[in-house]
$ cat my_file23.cif   # mmCIF, C-alpha atoms
data_structure
#
loop_
_atom_site.label_atom_id
_atom_site.label_comp_id
_atom_site.auth_asym_id
_atom_site.auth_seq_id
_atom_site.Cartn_x
_atom_site.Cartn_y
_atom_site.Cartn_z
CA MET A 1 0.00 0.00 0.00
CA ASN A 2 1.46 3.39 -0.90
CA GLU A 3 1.58 6.30 1.54
CA SER A 4 -1.29 8.21 -0.07
CA ALA A 5 -3.56 5.14 0.26
CA LYS A 6 -3.13 5.10 4.04
CA PRO A 7 -5.67 7.01 6.12
CA LEU A 8 -4.45 10.50 7.02
CA SER A 9 -4.30 9.67 10.73
CA ALA A 10 -1.90 6.80 9.97
CA GLN A 11 0.25 9.04 7.78
CA LEU A 12 0.41 11.75 10.45
CA ALA A 13 1.37 9.16 13.10
CA VAL A 14 4.60 8.01 11.45
CA SER A 15 7.88 9.07 13.01
CA ASP A 16 9.67 12.17 11.76
CA PHE A 17 12.29 9.90 10.21
CA GLU A 18 9.66 7.92 8.30
CA LEU A 19 7.92 11.10 7.22
CA PHE A 20 11.17 12.44 5.79
CA GLY A 21 12.27 9.06 4.43
CA VAL A 22 15.61 9.14 6.26
CA PRO A 23 17.25 6.53 8.52
CA THR A 24 16.28 6.51 12.18
CA GLN A 25 19.68 7.60 13.45
CA PHE A 26 21.48 10.60 14.86
CA ALA A 27 23.74 11.16 11.85
CA GLN A 28 21.78 13.04 9.19
CA ASP A 29 22.64 14.89 6.02
CA ARG A 30 21.37 18.45 6.54
CA ALA A 31 21.18 19.14 2.79
CA GLN A 32 19.04 16.03 2.36
CA LEU A 33 16.74 17.12 5.20
CA ASP A 34 16.42 20.61 3.70
CA ALA A 35 15.61 19.25 0.23
CA ARG A 36 13.08 16.75 1.59
CA TRP A 37 11.41 19.47 3.68
CA LYS A 38 10.98 21.63 0.58
CA ASP A 39 9.54 18.68 -1.37
CA LEU A 40 7.11 17.79 1.41
CA GLN A 41 6.02 21.42 1.81
CA ARG A 42 5.39 21.65 -1.92
CA GLU A 43 3.27 18.48 -1.81
CA ALA A 44 1.24 19.66 1.17
CA HIS A 45 0.84 23.34 0.27
CA PRO A 46 -2.81 24.34 0.90
CA ASP A 47 -2.97 26.24 -2.41
CA LYS A 48 -2.63 22.91 -4.24
CA PHE A 49 -5.92 21.87 -2.64
CA ALA A 50 -7.89 25.08 -3.31
CA SER A 51 -10.19 23.40 -5.82
CA GLN A 52 -10.96 20.59 -3.37
CA GLY A 53 -12.61 22.81 -0.79
CA THR A 54 -11.94 24.01 2.73
CA ALA A 55 -11.76 20.53 4.30
CA ALA A 56 -8.93 19.51 1.97
CA GLN A 57 -7.15 22.80 2.62
CA ARG A 58 -7.50 22.27 6.38
CA VAL A 59 -5.95 18.79 6.05
CA ALA A 60 -3.15 20.26 3.93
CA MET A 61 -2.55 22.86 6.65
CA GLN A 62 -2.33 20.08 9.26
CA TRP A 63 0.20 18.32 7.06
CA SER A 64 2.19 21.50 6.65
CA VAL A 65 2.33 21.98 10.43
CA ARG A 66 3.33 18.33 10.95
CA ILE A 67 6.08 18.62 8.32
CA ASN A 68 7.44 21.82 9.89
CA GLU A 69 7.46 20.31 13.39
CA ALA A 70 9.32 17.23 12.14
CA TYR A 71 11.80 19.38 10.25
CA GLN A 72 12.54 21.52 13.31
CA ARG A 73 13.20 18.37 15.35
CA LEU A 74 15.33 16.64 12.74
CA LYS A 75 17.51 19.59 11.75
CA ASP A 76 18.54 20.45 15.32
CA PRO A 77 21.09 17.91 16.62
CA MET A 78 20.07 18.19 20.27
CA ARG A 79 16.35 17.96 19.53
CA ARG A 80 17.03 15.04 17.17
CA ALA A 81 19.01 13.24 19.91
CA ALA A 82 16.24 13.83 22.43
CA TYR A 83 13.65 12.55 19.94
CA LEU A 84 15.70 9.40 19.25
CA CYS A 85 16.01 8.77 22.99
CA GLU A 86 12.25 9.20 23.40
CA LEU A 87 11.52 6.88 20.45
CA GLY A 88 13.87 4.29 21.95
CA GLY A 89 12.20 4.33 25.36
CA ALA A 90 14.71 6.55 27.18
CA PRO A 91 12.76 9.75 27.82
CA ILE A 92 14.76 12.88 28.59
CA GLN A 93 12.50 14.00 31.47
CA ALA A 94 14.42 17.27 31.79
CA GLU A 95 11.70 18.78 33.98
CA ASN A 96 12.01 16.21 36.77
CA ASN A 97 15.40 14.57 36.22
CA THR A 98 18.15 17.13 36.71
CA ALA A 99 20.71 14.79 38.28
CA MET A 100 24.08 15.28 36.60
CA PRO A 101 27.52 13.75 37.19
CA ALA A 102 29.69 15.62 39.69
CA ALA A 103 32.38 16.40 37.10
CA PHE A 104 29.77 18.02 34.86
CA LEU A 105 28.44 20.13 37.73
CA MET A 106 31.94 21.24 38.72
CA GLN A 107 32.73 22.26 35.15
CA HIS A 108 29.47 24.16 34.92
CA MET A 109 30.20 25.98 38.19
CA GLU A 110 33.68 26.95 36.93
CA TRP A 111 32.16 28.33 33.73
CA ARG A 112 29.56 30.28 35.73
CA GLU A 113 32.28 31.79 37.91
CA ALA A 114 34.34 32.69 34.83
CA MET A 115 31.30 34.41 33.32
CA ASP A 116 30.58 36.28 36.55
CA ASP A 117 34.24 37.36 36.85
CA ALA A 118 34.56 38.46 33.21
CA THR A 119 34.89 42.22 32.89
CA ASP A 120 35.23 42.54 29.14
CA VAL A 121 33.83 41.10 25.92
CA ALA A 122 37.11 39.39 25.00
CA ALA A 123 37.02 37.25 28.15
CA LEU A 124 33.39 36.34 27.53
CA GLU A 125 34.09 35.46 23.90
CA ALA A 126 36.95 33.19 24.98
CA LEU A 127 34.63 31.51 27.47
CA PHE A 128 31.95 31.18 24.78
CA ASP A 129 34.46 29.46 22.47
CA GLU A 130 35.48 27.05 25.24
CA VAL A 131 31.88 26.17 26.09
CA GLN A 132 30.95 25.86 22.43
CA GLN A 133 33.81 23.37 21.94
CA ALA A 134 32.56 21.37 24.93
CA HIS A 135 29.08 21.44 23.38
CA LYS A 136 30.45 20.13 20.09
CA THR A 137 32.34 17.34 21.87
CA ALA A 138 29.22 16.38 23.86
CA LEU A 139 27.18 16.21 20.64
CA GLN A 140 29.78 13.93 19.09
CA GLN A 141 29.63 11.71 22.17
CA CYS A 142 25.85 11.71 21.97
CA ALA A 143 26.05 10.59 18.32
CA LYS A 144 28.30 7.66 19.32
CA LEU A 145 26.01 6.69 22.18
CA ILE A 146 22.97 6.64 19.89
CA ASP A 147 24.28 5.35 16.56
CA THR A 148 27.17 3.11 17.62
CA ALA A 149 26.71 1.98 21.22
CA HIS A 150 22.88 2.13 21.14
CA ASP A 151 23.05 3.26 24.78
CA LEU A 152 19.97 5.45 24.90
CA PRO A 153 19.76 5.89 28.70
CA THR A 154 23.30 7.34 28.73
CA ALA A 155 22.48 9.38 25.62
CA ALA A 156 19.42 10.79 27.42
CA GLN A 157 21.67 11.92 30.29
CA GLN A 158 24.02 13.47 27.72
CA VAL A 159 21.09 15.35 26.16
CA ARG A 160 20.08 16.71 29.57
CA GLY A 161 23.65 17.98 29.98
CA LEU A 162 23.54 19.52 26.50
CA MET A 163 20.41 21.40 27.51
CA PHE A 164 22.31 23.00 30.40
CA VAL A 165 25.24 23.84 28.12
CA GLU A 166 22.99 25.41 25.45
CA LYS A 167 21.25 27.54 28.05
CA PHE A 168 24.62 28.63 29.39
CA LEU A 169 25.77 29.59 25.87
CA HIS A 170 22.68 31.81 25.62
CA ASP A 171 23.53 33.31 29.02
CA ILE A 172 27.03 34.17 27.80
CA GLU A 173 25.61 35.78 24.66
CA ALA A 174 23.23 37.85 26.79
CA ARG A 175 26.12 38.96 28.98
CA ILE A 176 28.15 39.94 25.89
CA ASP A 177 25.19 41.95 24.61
CA GLN A 178 24.89 43.61 28.02
CA LEU A 179 28.56 44.63 28.01
CA ASP A 180 28.33 45.80 24.40
CA ALA A 181 25.36 48.01 25.27
CA SER A 182 27.11 49.70 28.19
#

$ encode --input "my_file23.cif" --output "structure tokens"
Amino acid sequence: MNESAKPLSAQLAVSDFELFGVPTQFAQDRAQLDARWKDLQREAHPDKFASQGTAAQRVAMQWSVRINEAYQRLKDPMRRAAYLCELGGAPIQAENNTAMPAAFLMQHMEWREAMDDATDVAALEALFDEVQQAHKTALQQCAKLIDTAHDLPTAAQQVRGLMFVEKFLHDIEARIDQLDAS
């Protein structure tokens, strides 16, 4: 049975990976995702269904929203990792599971102190570069945990750590903006 022969509810219920026709894995080709998103958006554009009435246009709009949500999840490495963990039965539970390894917490405290002690933009930019490198390394580790080791519980913990790091990167940027404005 082809995709268009399935009921809409079944088509909307497929995973983001199935929807985009890409492997269910962390490693993804961004150009392929971008091209597939454009193709899917073209197929689901409500204007294509104008002659079929408002119900068909409403369904096309639902498809468009579903495609955009999947694209946002798949194109962002951290969101993609979290989604893979969830699909594999290792929910992130960031709201109620904030336990982190002691070494991670110590590193985070050192970064916070360095940000608080920074008196100029250059120091903050150096800190930003350091934290961004740690973020990149953590994402690479997350990719290995998901695609190679298939250790989703540990990957979920890594994603929770990445969430802290991303928030901290935003905090540094805000501090830089604050110093630039003064």

$ atom_distance --input "my_file23.cif" --atom1 "atom CA of A:Met61" --atom2 "atom CA of A:Ser15"
18.4 Å

$ resolve_selection --input "my_file23.cif" --expression "the PyMOL selection byres ((chain A and resi 172) around 9)" --output "PyMOL selection string"
chain A and resi 115+124-125+127-128+167-171+173-177

$ atom_distance --input "my_file23.cif" --atom1 "atom CA of A:His108" --atom2 "atom CA of A:Met163"
12.0 Å

$ resolve_selection --input "my_file23.cif" --expression "the PyMOL selection byres ((chain A and resi 149-153) around 10)" --output "list of chain:residue names"
A:Gln25, A:Ala81, A:Ala82, A:Leu84, A:Cys85, A:Glu86, A:Leu87, A:Gly88, A:Gly89, A:Ala90, A:Pro91, A:Ile92, A:Cys142, A:Ala143, A:Lys144, A:Leu145, A:Ile146, A:Asp147, A:Thr148, A:Thr154, A:Ala155, A:Ala156, A:Gln157, A:Gln158, A:Val159

$ closest_residue --input "my_file23.cif" --among "A:Ala44, A:Asp117, A:Tyr71, A:Asp39" --to "A:Arg58" --atoms "all atoms listed in the file"
A:Ala44

$ atom_distance --input "my_file23.cif" --atom1 "atom CA of A:Thr137" --atom2 "atom CA of A:Phe20"
27.0 Å
